[in-house]
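**Student:** What follows is coords.tsv; its format and atoms are TSV, C-alpha atoms.
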```tsv
chain	number	residue	atom	x	y	z
W	1244	MET	CA	25.92	101.44	115.86
W	1245	LYS	CA	28.45	103.04	118.18
W	1246	VAL	CA	32.18	102.95	117.57
W	1247	PHE	CA	34.81	102.63	120.28
W	1248	ASP	CA	38.46	103.17	119.33
W	1249	LEU	CA	41.00	101.47	121.63
W	1250	GLU	CA	43.75	103.60	120.10
W	1251	SER	CA	42.35	106.70	121.79
W	1252	ASN	CA	40.58	105.20	124.83
W	1253	SER	CA	41.58	102.55	127.32
W	1254	LEU	CA	40.34	98.99	127.61
W	1255	ARG	CA	38.93	99.77	131.07
W	1256	GLU	CA	36.93	102.64	129.58
W	1257	LEU	CA	35.56	100.35	126.89
W	1258	ASN	CA	34.47	97.68	129.35
W	1259	ALA	CA	33.00	100.26	131.76
W	1260	THR	CA	31.06	101.81	128.88
W	1261	LEU	CA	29.69	98.44	127.80
W	1262	HIS	CA	28.75	97.51	131.37
W	1263	GLU	CA	26.77	100.75	131.71
W	1264	GLN	CA	24.40	99.68	128.94
W	1265	LYS	CA	20.93	99.19	130.40
W	1266	SER	CA	18.90	96.19	129.48
W	1267	ASP	CA	15.70	98.23	129.05
W	1268	ILE	CA	16.93	100.32	126.12
W	1269	ASN	CA	16.90	99.23	122.51
W	1270	LYS	CA	19.79	96.94	121.69
W	1271	VAL	CA	22.85	98.95	120.65
W	1272	ASN	CA	25.52	97.44	118.44
W	1273	TRP	CA	29.12	98.28	119.13
W	1274	GLU	CA	32.16	98.20	116.93
W	1275	VAL	CA	35.58	98.08	118.64
W	1276	GLN	CA	38.47	99.37	116.56
W	1277	ASN	CA	42.23	98.84	116.99
W	1278	PRO	CA	42.14	95.95	119.49
W	1279	ARG	CA	45.91	95.38	118.85
W	1280	GLY	CA	45.77	91.89	120.31
W	1281	LYS	CA	44.54	93.03	123.73
W	1282	HIS	CA	43.01	90.49	126.08
W	1283	ALA	CA	39.71	90.85	127.97
W	1284	ILE	CA	37.85	92.95	125.41
W	1285	ALA	CA	34.14	93.16	126.31
W	1286	VAL	CA	34.46	90.77	129.24
W	1287	GLY	CA	31.68	90.23	131.78
W	1288	LEU	CA	28.76	91.53	129.73
W	1289	ASP	CA	25.38	90.63	131.23
W	1290	THR	CA	23.14	92.53	128.82
W	1291	PRO	CA	22.34	91.26	125.33
W	1292	MET	CA	24.27	93.29	122.79
W	1293	GLU	CA	26.40	92.79	119.72
W	1294	VAL	CA	30.06	93.77	119.97
W	1295	ARG	CA	32.17	93.49	116.84
W	1296	VAL	CA	35.92	93.54	117.28
W	1297	MET	CA	37.62	94.68	114.08
W	1298	VAL	CA	40.98	92.85	113.76
W	1299	GLN	CA	43.87	93.92	111.59
W	1300	GLN	CA	43.20	93.77	107.91
W	1301	GLY	CA	45.26	91.12	106.20
W	1302	ILE	CA	45.48	88.60	109.03
W	1303	THR	CA	45.04	85.19	107.51
W	1304	TRP	CA	44.50	82.01	109.44
W	1305	GLU	CA	45.68	79.33	107.09
W	1306	GLU	CA	43.77	76.06	107.09
K	712	MET	CA	52.69	79.20	129.59
K	713	CYS	CA	55.87	81.04	128.51
K	714	GLY	CA	56.21	83.71	125.86
K	715	ILE	CA	58.49	83.78	122.84
K	716	VAL	CA	59.45	86.65	120.56
K	717	GLY	CA	61.77	86.68	117.60
K	718	LEU	CA	62.84	89.31	115.11
K	719	PHE	CA	64.90	88.84	111.95
K	720	LEU	CA	65.79	92.00	110.06
K	721	LYS	CA	65.94	92.16	106.29
K	722	ASP	CA	66.40	95.94	106.26
K	723	GLN	CA	69.85	96.87	107.61
K	724	SER	CA	68.69	100.38	108.52
K	725	LEU	CA	66.68	98.85	111.39
K	726	MET	CA	69.73	97.12	112.91
K	727	PRO	CA	70.58	99.87	115.44
K	728	SER	CA	67.09	99.52	116.94
K	729	LEU	CA	66.93	95.70	117.08
K	730	GLY	CA	67.52	95.66	120.86
K	731	LEU	CA	64.83	98.25	121.47
K	732	MET	CA	62.27	96.47	119.30
K	733	LEU	CA	63.00	93.10	120.92
K	734	THR	CA	62.82	94.66	124.39
K	735	ASN	CA	59.36	96.06	123.74
K	736	MET	CA	58.18	92.78	122.24
K	737	LEU	CA	59.49	90.82	125.22
K	738	ILE	CA	57.85	93.07	127.83
K	739	THR	CA	54.41	92.54	126.24
K	740	MET	CA	54.90	88.82	126.99
K	741	THR	CA	55.35	89.38	130.75
K	742	GLU	CA	51.99	87.83	131.69
K	743	ARG	CA	52.95	84.68	129.82
K	744	GLY	CA	56.22	84.34	131.76
K	745	PRO	CA	57.00	86.43	134.83
K	746	ASP	CA	59.55	84.03	136.40
K	747	SER	CA	62.63	84.67	134.30
K	748	ALA	CA	63.58	86.14	130.96
K	749	GLY	CA	66.35	85.87	128.45
K	750	ILE	CA	67.44	87.12	125.10
K	751	ALA	CA	69.84	85.94	122.41
K	752	ILE	CA	71.03	88.75	120.19
K	753	TYR	CA	73.14	88.39	117.07
K	754	ASP	CA	75.38	91.32	116.31
K	755	SER	CA	77.31	91.27	113.07
K	756	THR	CA	79.85	93.97	113.87
K	757	SER	CA	82.64	91.70	115.09
K	758	ASN	CA	83.39	89.12	112.42
K	759	LYS	CA	87.01	88.44	113.28
K	760	ASP	CA	86.54	87.73	116.96
K	761	PHE	CA	84.71	85.04	118.84
K	762	LYS	CA	82.55	85.86	121.81
K	763	LEU	CA	82.09	83.87	124.98
K	764	THR	CA	79.20	85.16	127.07
K	765	VAL	CA	79.53	84.04	130.68
K	766	GLN	CA	77.42	84.44	133.81
K	767	SER	CA	78.56	84.62	137.42
K	768	GLY	CA	76.86	84.58	140.81
K	769	ASN	CA	79.79	86.60	142.13
K	770	PRO	CA	80.59	88.92	139.20
K	771	GLU	CA	82.84	91.43	141.00
K	772	VAL	CA	85.33	88.81	142.12
K	773	GLU	CA	85.11	86.33	139.26
K	774	PHE	CA	85.13	88.82	136.39
K	775	ARG	CA	88.14	90.52	138.01
K	776	LEU	CA	89.92	87.13	138.05
K	777	ILE	CA	89.10	86.66	134.37
K	778	LYS	CA	90.30	90.16	133.44
K	779	ASP	CA	93.55	89.71	135.34
K	780	ASN	CA	94.45	86.17	134.30
K	781	LEU	CA	92.71	84.80	131.23
K	782	SER	CA	94.89	86.53	128.66
K	783	ALA	CA	98.11	85.14	130.18
K	784	MET	CA	96.61	81.66	130.59
K	785	ILE	CA	95.71	81.33	126.91
K	786	GLU	CA	98.68	83.42	125.66
K	787	SER	CA	96.44	85.64	123.57
K	788	SER	CA	94.76	88.99	124.03
K	789	VAL	CA	91.16	89.09	125.24
K	790	SER	CA	88.69	91.87	126.01
K	791	VAL	CA	86.15	91.56	128.79
K	792	GLU	CA	83.01	93.68	128.82
K	793	VAL	CA	81.01	93.30	132.02
K	794	LYS	CA	77.23	93.74	131.96
K	795	ASP	CA	75.75	93.13	135.40
K	796	THR	CA	75.98	89.36	136.10
K	797	HIS	CA	77.19	88.61	132.56
K	798	ALA	CA	80.42	89.34	130.75
K	799	VAL	CA	81.23	89.16	127.05
K	800	ILE	CA	84.77	87.90	126.47
K	801	LYS	CA	86.08	88.61	122.98
K	802	LEU	CA	88.97	86.51	121.77
K	803	SER	CA	90.47	84.79	118.76
K	804	GLY	CA	88.42	81.83	117.49
K	805	GLU	CA	91.42	79.51	117.72
K	806	LYS	CA	91.59	80.02	121.47
K	807	ILE	CA	88.01	79.07	122.31
K	808	THR	CA	88.71	75.56	123.60
K	809	LEU	CA	91.75	76.70	125.55
K	810	ALA	CA	89.79	79.60	127.02
K	811	ARG	CA	86.96	77.35	128.20
K	812	GLN	CA	89.47	75.03	129.89
K	813	ALA	CA	91.16	78.04	131.49
K	814	LEU	CA	87.83	79.42	132.71
K	815	ALA	CA	86.92	76.08	134.27
K	816	LYS	CA	90.19	76.15	136.25
K	817	LEU	CA	90.13	79.85	137.08
K	818	CYS	CA	86.55	80.16	138.29
K	819	PRO	CA	84.64	76.87	138.04
K	820	ALA	CA	81.34	78.44	139.12
K	821	VAL	CA	81.19	80.72	136.07
K	822	ARG	CA	78.70	79.44	133.52
K	823	VAL	CA	79.09	79.75	129.77
K	824	MET	CA	75.87	81.15	128.30
K	825	SER	CA	76.89	81.20	124.64
K	826	VAL	CA	79.81	80.80	122.26
K	827	GLY	CA	80.03	82.13	118.74
K	828	GLU	CA	81.02	84.82	116.28
K	829	LYS	CA	77.80	86.74	116.67
K	830	VAL	CA	75.58	85.49	119.46
K	831	GLU	CA	75.36	86.87	122.99
K	832	ILE	CA	72.90	85.28	125.45
K	833	TYR	CA	71.67	87.12	128.54
K	834	LYS	CA	69.23	85.57	131.00
K	835	GLU	CA	68.25	85.99	134.62
K	836	VAL	CA	65.46	85.37	137.10
K	837	GLY	CA	62.94	88.20	137.42
K	838	LEU	CA	60.35	90.16	135.50
K	839	PRO	CA	61.23	90.62	131.82
K	840	ARG	CA	61.48	94.41	132.14
K	841	GLU	CA	63.95	94.14	135.03
K	842	VAL	CA	66.03	91.52	133.23
K	843	VAL	CA	66.37	93.48	129.97
K	844	ASP	CA	67.15	96.67	131.91
K	845	ARG	CA	69.99	94.99	133.80
K	846	PHE	CA	71.73	94.20	130.52
K	847	SER	CA	70.70	97.37	128.61
K	848	ILE	CA	69.33	95.18	125.83
K	849	SER	CA	67.41	98.13	124.38
K	850	LYS	CA	70.69	99.83	123.43
K	851	MET	CA	72.02	96.81	121.53
K	852	SER	CA	72.13	96.60	117.77
K	853	GLY	CA	72.05	93.43	115.72
K	854	SER	CA	70.74	91.55	112.73
K	855	HIS	CA	68.34	89.24	114.57
K	856	GLY	CA	67.43	87.98	118.00
K	857	ILE	CA	65.07	85.84	120.03
K	858	GLY	CA	63.67	86.29	123.50
K	859	HIS	CA	61.79	84.26	126.06
K	860	THR	CA	59.70	84.87	129.16
K	861	ARG	CA	59.33	81.82	131.38
K	862	MET	CA	56.49	80.48	133.50
K	863	ALA	CA	58.16	77.42	134.99
K	864	THR	CA	56.45	74.03	134.85
K	865	GLU	CA	59.05	71.26	134.63
K	866	SER	CA	61.89	72.54	136.81
K	867	ALA	CA	62.99	75.25	139.25
K	868	VAL	CA	63.09	78.99	138.60
K	869	THR	CA	66.85	79.57	138.27
K	870	THR	CA	69.19	81.40	135.94
K	871	MET	CA	70.25	78.10	134.41
K	872	GLY	CA	66.61	77.11	133.94
K	873	ALA	CA	65.93	80.33	132.02
K	874	HIS	CA	65.92	80.36	128.24
K	875	PRO	CA	67.52	80.69	125.67
K	876	PHE	CA	69.65	77.55	125.87
K	877	SER	CA	72.80	77.35	123.82
K	878	THR	CA	72.80	74.40	121.42
K	879	GLY	CA	76.20	75.01	119.85
K	880	GLN	CA	78.29	77.80	118.39
K	881	ASP	CA	76.02	80.69	117.43
K	882	GLN	CA	72.97	78.51	118.04
K	883	CYS	CA	70.31	78.65	120.70
K	884	LEU	CA	66.85	77.39	121.52
K	885	VAL	CA	63.78	78.79	123.26
K	886	HIS	CA	60.73	76.71	124.08
K	887	ASN	CA	57.09	77.17	124.96
K	888	GLY	CA	55.50	73.97	126.20
K	889	SER	CA	56.63	71.01	128.24
K	890	LEU	CA	58.38	67.86	127.12
K	891	SER	CA	56.99	64.71	128.70
K	892	ASN	CA	59.81	62.31	127.79
K	893	HIS	CA	62.70	64.52	128.90
K	894	ASN	CA	63.84	62.22	131.72
K	895	SER	CA	64.27	59.15	129.52
K	896	LEU	CA	65.80	61.23	126.74
K	897	ARG	CA	68.22	62.82	129.24
K	898	ARG	CA	69.38	59.36	130.34
K	899	LYS	CA	69.88	58.28	126.72
K	900	LEU	CA	71.85	61.42	125.86
K	901	LYS	CA	73.98	61.17	129.01
K	902	ARG	CA	74.87	57.60	128.07
K	903	GLN	CA	76.15	59.02	124.78
K	904	GLY	CA	78.40	61.37	126.74
K	905	VAL	CA	76.31	64.53	126.30
K	906	LEU	CA	76.71	67.08	129.11
K	907	ILE	CA	73.35	68.07	130.63
K	908	GLU	CA	73.53	70.31	133.67
K	909	THR	CA	69.97	70.83	134.93
K	910	GLU	CA	66.66	68.99	135.41
K	911	ASN	CA	65.11	71.31	132.85
K	912	ASP	CA	63.16	69.80	129.94
K	913	THR	CA	64.24	72.44	127.43
K	914	GLU	CA	67.90	71.84	128.14
K	915	VAL	CA	67.27	68.25	127.05
K	916	GLY	CA	65.69	69.56	123.85
K	917	ALA	CA	68.73	71.77	123.28
K	918	ALA	CA	71.14	68.91	124.05
K	919	TYR	CA	69.18	66.68	121.69
K	920	LEU	CA	69.54	69.18	118.84
K	921	SER	CA	73.28	69.59	119.54
K	922	TYR	CA	73.73	65.81	119.62
K	923	LYS	CA	71.88	65.34	116.33
K	924	MET	CA	74.03	67.98	114.67
K	925	GLN	CA	77.23	66.40	116.05
K	926	GLN	CA	76.04	63.18	114.43
K	927	GLY	CA	75.91	64.95	111.09
K	928	SER	CA	72.37	66.32	110.85
K	929	SER	CA	71.81	69.81	109.54
K	930	LEU	CA	69.83	72.07	111.86
K	931	GLU	CA	66.79	71.62	109.68
K	932	GLU	CA	67.13	67.80	109.80
K	933	ALA	CA	67.62	67.96	113.57
K	934	LEU	CA	64.41	69.96	113.93
K	935	GLU	CA	62.59	67.46	111.71
K	936	SER	CA	63.74	64.62	113.97
K	937	CYS	CA	62.38	66.48	117.04
K	938	LEU	CA	58.94	65.71	115.66
K	939	LYS	CA	59.75	61.99	115.91
K	940	ASP	CA	61.79	61.77	119.13
K	941	LEU	CA	60.30	64.42	121.43
K	942	ASP	CA	57.01	63.79	123.19
K	943	GLY	CA	54.96	66.61	124.65
K	944	PHE	CA	54.10	70.17	123.75
K	945	PHE	CA	56.55	72.42	122.04
K	946	THR	CA	56.81	75.52	120.02
K	947	PHE	CA	60.55	75.92	119.45
K	948	VAL	CA	62.31	78.93	118.03
K	949	VAL	CA	65.98	78.37	117.25
K	950	GLY	CA	68.51	81.12	116.61
K	951	THR	CA	71.33	80.52	114.16
K	952	LYS	CA	74.27	82.62	112.99
K	953	ASP	CA	72.32	83.82	109.98
K	954	GLY	CA	68.71	83.66	110.99
K	955	PHE	CA	66.08	81.74	112.86
K	956	GLY	CA	63.85	78.71	112.59
K	957	VAL	CA	60.47	77.73	113.99
K	958	VAL	CA	58.94	74.31	114.61
K	959	ARG	CA	55.77	73.29	116.48
K	960	ASP	CA	54.64	69.87	117.63
K	961	PRO	CA	51.95	68.10	115.54
K	962	ILE	CA	49.11	69.24	117.84
K	963	ALA	CA	50.47	72.78	118.20
K	964	CYS	CA	48.43	73.88	121.19
K	965	LYS	CA	51.09	76.44	122.16
K	966	PRO	CA	50.29	79.66	120.35
K	967	ALA	CA	52.42	81.19	117.62
K	968	ILE	CA	51.95	83.97	115.14
K	969	MET	CA	54.27	85.37	112.52
K	970	ALA	CA	54.47	88.60	110.54
K	971	GLU	CA	56.54	89.44	107.49
K	972	THR	CA	57.18	92.69	105.65
K	973	ASP	CA	59.96	93.84	103.28
K	974	GLN	CA	61.86	94.96	106.39
K	975	TYR	CA	61.61	92.01	108.79
K	976	VAL	CA	60.22	88.63	109.82
K	977	ALA	CA	58.79	88.57	113.34
K	978	PHE	CA	57.58	85.81	115.65
K	979	GLY	CA	55.37	86.19	118.71
K	980	SER	CA	53.48	83.87	121.03
K	981	GLU	CA	50.66	86.37	120.62
K	982	TYR	CA	49.82	89.11	118.15
K	983	ARG	CA	50.11	91.80	120.84
K	984	ALA	CA	53.88	91.20	120.88
K	985	LEU	CA	54.02	92.42	117.29
K	986	VAL	CA	51.72	95.46	117.32
K	987	ASP	CA	54.43	98.11	117.74
K	988	LEU	CA	56.59	96.91	114.84
K	989	PRO	CA	56.88	99.28	111.88
K	990	GLU	CA	54.22	98.88	109.17
K	991	ILE	CA	52.60	96.00	111.05
K	992	GLU	CA	49.23	97.10	109.62
K	993	ASN	CA	50.46	96.11	106.16
K	994	ALA	CA	52.38	92.97	107.15
K	995	LYS	CA	51.53	89.46	106.07
K	996	VAL	CA	50.41	87.84	109.32
K	997	TRP	CA	49.86	84.10	109.72
K	998	GLU	CA	49.95	81.18	112.11
K	999	PRO	CA	52.79	78.71	111.46
K	1000	GLU	CA	51.58	75.21	110.62
K	1001	PRO	CA	51.91	72.30	113.07
K	1002	ALA	CA	54.78	69.82	112.45
K	1003	THR	CA	56.36	72.11	109.87
K	1004	VAL	CA	59.88	73.52	109.96
K	1005	TYR	CA	60.27	77.17	108.95
K	1006	PHE	CA	63.55	78.96	108.31
K	1007	TRP	CA	64.68	82.46	107.51
K	1008	SER	CA	68.30	83.37	106.87
K	1009	HIS	CA	70.41	86.12	105.37
```
Translate this file's structure into structure tokens.
**Tutor:**
Amino acid sequence: MKVFDLESNSLRELNATLHEQKSDINKVNWEVQNPRGKHAIAVGLDTPMEVRVMVQQGITWEE
Amino acid sequence: MCGIVGLFLKDQSLMPSLGLMLTNMLITMTERGPDSAGIAIYDSTSNKDFKLTVQSGNPEVEFRLIKDNLSAMIESSVSVEVKDTHAVIKLSGEKITLARQALAKLCPAVRVMSVGEKVEIYKEVGLPREVVDRFSISKMSGSHGIGHTRMATESAVTTMGAHPFSTGQDQCLVHNGSLSNHNSLRRKLKRQGVLIETENDTEVGAAYLSYKMQQGSSLEEALESCLKDLDGFFTFVVGTKDGFGVVRDPIACKPAIMAETDQYVAFGSEYRALVDLPEIENAKVWEPEPATVYFWSH
């Protein structure tokens, strides 16, 4: 699994990095840290991959 | 769309930076409302005086008229602080009615944005960053405040169509959504003698709240009755002298998120409005329930 921290790199860099993933390699899982409520994370992917976006600890969505 | 932010401080040491924190929160909501922006800020440093915040399309001439004549007209001292198209007139609370009558005679085109001991309302057409810069909001201190960025749906993009709307002394309203029964409600309120100046739906919501409170409802009761009498989408945040309240319609499709720490309670249309607040990583963060009235006060 590869980690991408949006605190130290931009959203454009993240999406460019994800778009560069080739479909012929083994599937790589990504973890995105510090999304800070940003929009358009991992948009436009056309290669199968798993991208986990780690939200702030402690956020509760009450039923 | 529209964006709303609100910040209520529990920790007095943060008060000097209220304006700066609200400014940053508001700018993150630009994409939700690039048409106009406004802010209501409550400053607790002037308890003896009342404040009238007024707006003018011709500030150089009209604010000069006010400076030169208002004091003599109401036979009482006033101070006038000009901030771009707005001016804050400080005066004795007993003279408020007289001063409003005098203003209407002196320069009828000047609009009253807010009246109260603490509240000042600033709003203009333009991008949120430009609007807050014009009034130097980031330099203001205060105990709490609410802000709004507007993407117009129900009426024209004008200063008077911008939020917040004053609903009474030290009270104001901001709205995300659109009311679908505002025309019929406007007619009903006008028949009761309520003054409504624009075609804007939120002004009707504000006038409705004012009317309910004149009829004896508390603010909380008035907000409860919104759920019965208003049709359409709304997330309302209301500012009061001591705090703020939140209510959403029963379907609650307009977004809202809240955060609370020992230092503050914050409201945002989206979480990204809150991410620069101190200790946000350790805050309690939650979505306010539909059809539920929330209140925080000092």
**Student:** Taking all atoms listed in the file into account, produce a table as JSON lines in which each residue of chain K with an atom at most 7 Å from an atom of chain W appears once, together with its shortest atom pair and the distance in Å to one decimal, ordered by chain and rising number.
**Tutor:**
```
{"residue": "K:Tyr982", "atom": "CA", "partner": "W:Gly1280", "partner_atom": "CA", "distance": 5.4}
{"residue": "K:Arg983", "atom": "CA", "partner": "W:Gly1280", "partner_atom": "CA", "distance": 4.4}
{"residue": "K:Val986", "atom": "CA", "partner": "W:Arg1279", "partner_atom": "CA", "distance": 6.0}
{"residue": "K:Glu992", "atom": "CA", "partner": "W:Gln1299", "partner_atom": "CA", "distance": 6.5}
{"residue": "K:Lys995", "atom": "CA", "partner": "W:Gly1301", "partner_atom": "CA", "distance": 6.5}
{"residue": "K:Val996", "atom": "CA", "partner": "W:Ile1302", "partner_atom": "CA", "distance": 5.0}
{"residue": "K:Trp997", "atom": "CA", "partner": "W:Thr1303", "partner_atom": "CA", "distance": 5.4}
{"residue": "K:Glu998", "atom": "CA", "partner": "W:Trp1304", "partner_atom": "CA", "distance": 6.1}
```
**Student:** What's the 8 Å shell around Val1271 in chain W, counting only C-alpha atoms, without same-chain residues fewer than 4 positions away, as a ChimeraX atom specification?
**Tutor:** /W:1244-1245,1292-1293
**Student:** Using only C-alpha atoms, which residues sit within 10 Å of Gln1264 in chain W once same-chain residues fewer than 5 positions away are excluded, as a list in words?
**Tutor:**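 These residues fall inside the cut-off: Ala1259, Asn1269, Lys1270, Val1271, Leu1288, Asp1289, Thr1290, Pro1291 and Met1292 of chain W.
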**Student:** Quick one, how far is CA of Val915 in chain K from CA of Ala820 in chain K?
**Tutor:** 21.2 Å
**Student:** List as an NGL selection string the protein and nucleic acid residues near Ile962 in chain K, meaning an atom at most 10 Å away when all atoms listed in the file are counted, but skip any in the same chain fewer than 3 places from it.
**Tutor:** :K and (943-945 or 959 or 965 or 1000-1002)
**Student:** So that I can check the surroundings of range 840-854 of chain K, please list as a ChimeraX atom specification every protein, DNA and RNA residue that reaches within 7 Å of it, counting all atoms listed in the file and ignoring chain neighbours fewer than 6 positions away.
**Tutor:** /K:719-720,726-731,734,738,748,752-755,794-795
**Student:** Hey, which of W:His1262, W:Gln1276, W:Val1294, W:Ala1283 ends up closest to Glu1250 in chain W? Count all atoms listed in the file.
**Tutor:**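 Comparing W:His1262, W:Gln1276, W:Val1294, W:Ala1283 against Glu1250 in chain W, the winner is W:Gln1276.
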**Student:** Taking (56.5, 68.7, 118.1) in the file's own coordinates, collect the residues within 12 Å, counting all atoms listed in the file, and hand them back as a count of residues only.
**Tutor:** 36
**Student:** Which value, in Å to one decimal, gives the distance between CA of Glu805 in chain K and CA of Ser928 in chain K?
**Tutor:** 24.2 Å
**Student:** Would you mind reading off the distance between CA of Trp1007 in chain K and CA of Val976 in chain K, one decimal, in Å?
**Tutor:**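 Taking CA of Trp1007 in chain K as the start and CA of Val976 in chain K as the end point, the length is 8.0 Å.
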**Student:** My list of candidates is K:Met924, K:Ala970, K:Leu838, K:Val791. Which is closest to Ala873 in chain K when distances are computed with all atoms listed in the file?
**Tutor:** K:Leu838
**Student:** Draw an axis-aligned box tight on the listed atoms of range 986-989 of chain K, then pad every side by 4 Å and write out centre and edge lengths in Å to one decimal as AutoDock Vina command-line options.
**Tutor:**
```
--center_x 54.3 --center_y 97.4 --center_z 114.8 --size_x 13.2 --size_y 11.8 --size_z 13.9
```
**Student:** Calculated over all atoms listed in the file, which of the candidates K:Ser724, K:Ser1008, K:Ser803, K:Thr869 has the smallest distance to Val789 in chain K?
**Tutor:**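 Ranking K:Ser724, K:Ser1008, K:Ser803, K:Thr869 by distance to Val789 in chain K, first place goes to K:Ser803.
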**Student:** Using only C-alpha atoms, find the one residue out of K:Glu971, K:Glu792, K:Asp746, K:Asp987 that sits nearest to Leu763 in chain K.
**Tutor:**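 The closest residue to Leu763 in chain K is K:Glu792.
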**Student:** Could you please fill out range 728-748 of chain K with N, CA and C atoms and send it back as an mmCIF file, in the coordinates of the input?
**Tutor:**
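For reference, result_3.cif as written:
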```cif
data_model
loop_
_atom_site.group_PDB
_atom_site.id
_atom_site.type_symbol
_atom_site.label_atom_id
_atom_site.label_comp_id
_atom_site.auth_asym_id
_atom_site.auth_seq_id
_atom_site.Cartn_x
_atom_site.Cartn_y
_atom_site.Cartn_z
ATOM 1 N N SER K 728 68.209 99.555 115.986
ATOM 2 C CA SER K 728 67.090 99.520 116.940
ATOM 3 C C SER K 728 66.586 98.107 117.209
ATOM 4 N N LEU K 729 67.363 97.087 116.826
ATOM 5 C CA LEU K 729 66.930 95.700 117.080
ATOM 6 C C LEU K 729 66.678 95.456 118.571
ATOM 7 N N GLY K 730 67.637 95.894 119.414
ATOM 8 C CA GLY K 730 67.520 95.660 120.860
ATOM 9 C C GLY K 730 66.277 96.314 121.430
ATOM 10 N N LEU K 731 65.996 97.521 120.969
ATOM 11 C CA LEU K 731 64.830 98.250 121.470
ATOM 12 C C LEU K 731 63.533 97.556 121.045
ATOM 13 N N MET K 732 63.490 97.132 119.782
ATOM 14 C CA MET K 732 62.270 96.470 119.300
ATOM 15 C C MET K 732 62.043 95.149 120.041
ATOM 16 N N LEU K 733 63.120 94.375 120.215
ATOM 17 C CA LEU K 733 63.000 93.100 120.920
ATOM 18 C C LEU K 733 62.595 93.298 122.388
ATOM 19 N N THR K 734 63.154 94.347 123.000
ATOM 20 C CA THR K 734 62.820 94.660 124.390
ATOM 21 C C THR K 734 61.320 94.903 124.535
ATOM 22 N N ASN K 735 60.786 95.753 123.652
ATOM 23 C CA ASN K 735 59.360 96.060 123.740
ATOM 24 C C ASN K 735 58.497 94.834 123.479
ATOM 25 N N MET K 736 58.928 94.008 122.534
ATOM 26 C CA MET K 736 58.180 92.780 122.240
ATOM 27 C C MET K 736 58.181 91.862 123.471
ATOM 28 N N LEU K 737 59.356 91.745 124.085
ATOM 29 C CA LEU K 737 59.490 90.820 125.220
ATOM 30 C C LEU K 737 58.630 91.267 126.405
ATOM 31 N N ILE K 738 58.595 92.571 126.667
ATOM 32 C CA ILE K 738 57.850 93.070 127.830
ATOM 33 C C ILE K 738 56.340 92.811 127.668
ATOM 34 N N THR K 739 55.847 92.843 126.421
ATOM 35 C CA THR K 739 54.410 92.540 126.240
ATOM 36 C C THR K 739 54.102 91.088 126.604
ATOM 37 N N MET K 740 55.119 90.229 126.674
ATOM 38 C CA MET K 740 54.900 88.820 126.990
ATOM 39 C C MET K 740 55.114 88.517 128.477
ATOM 40 N N THR K 741 55.123 89.560 129.319
ATOM 41 C CA THR K 741 55.350 89.380 130.750
ATOM 42 C C THR K 741 54.311 88.465 131.398
ATOM 43 N N GLU K 742 53.036 88.655 131.049
ATOM 44 C CA GLU K 742 51.990 87.830 131.690
ATOM 45 C C GLU K 742 52.147 86.356 131.328
ATOM 46 N N ARG K 743 52.757 86.084 130.207
ATOM 47 C CA ARG K 743 52.950 84.680 129.820
ATOM 48 C C ARG K 743 54.143 84.062 130.540
ATOM 49 N N GLY K 744 55.032 84.899 131.113
ATOM 50 C CA GLY K 744 56.220 84.340 131.760
ATOM 51 C C GLY K 744 56.898 85.335 132.667
ATOM 52 N N PRO K 745 56.419 85.448 133.914
ATOM 53 C CA PRO K 745 57.000 86.430 134.830
ATOM 54 C C PRO K 745 58.157 85.899 135.670
ATOM 55 N N ASP K 746 58.546 84.627 135.503
ATOM 56 C CA ASP K 746 59.550 84.030 136.400
ATOM 57 C C ASP K 746 60.980 84.399 136.035
ATOM 58 N N SER K 747 61.282 84.324 134.747
ATOM 59 C CA SER K 747 62.630 84.670 134.300
ATOM 60 C C SER K 747 62.532 85.076 132.840
ATOM 61 N N ALA K 748 63.583 85.694 132.359
ATOM 62 C CA ALA K 748 63.580 86.140 130.960
ATOM 63 C C ALA K 748 64.980 86.046 130.401
#
```
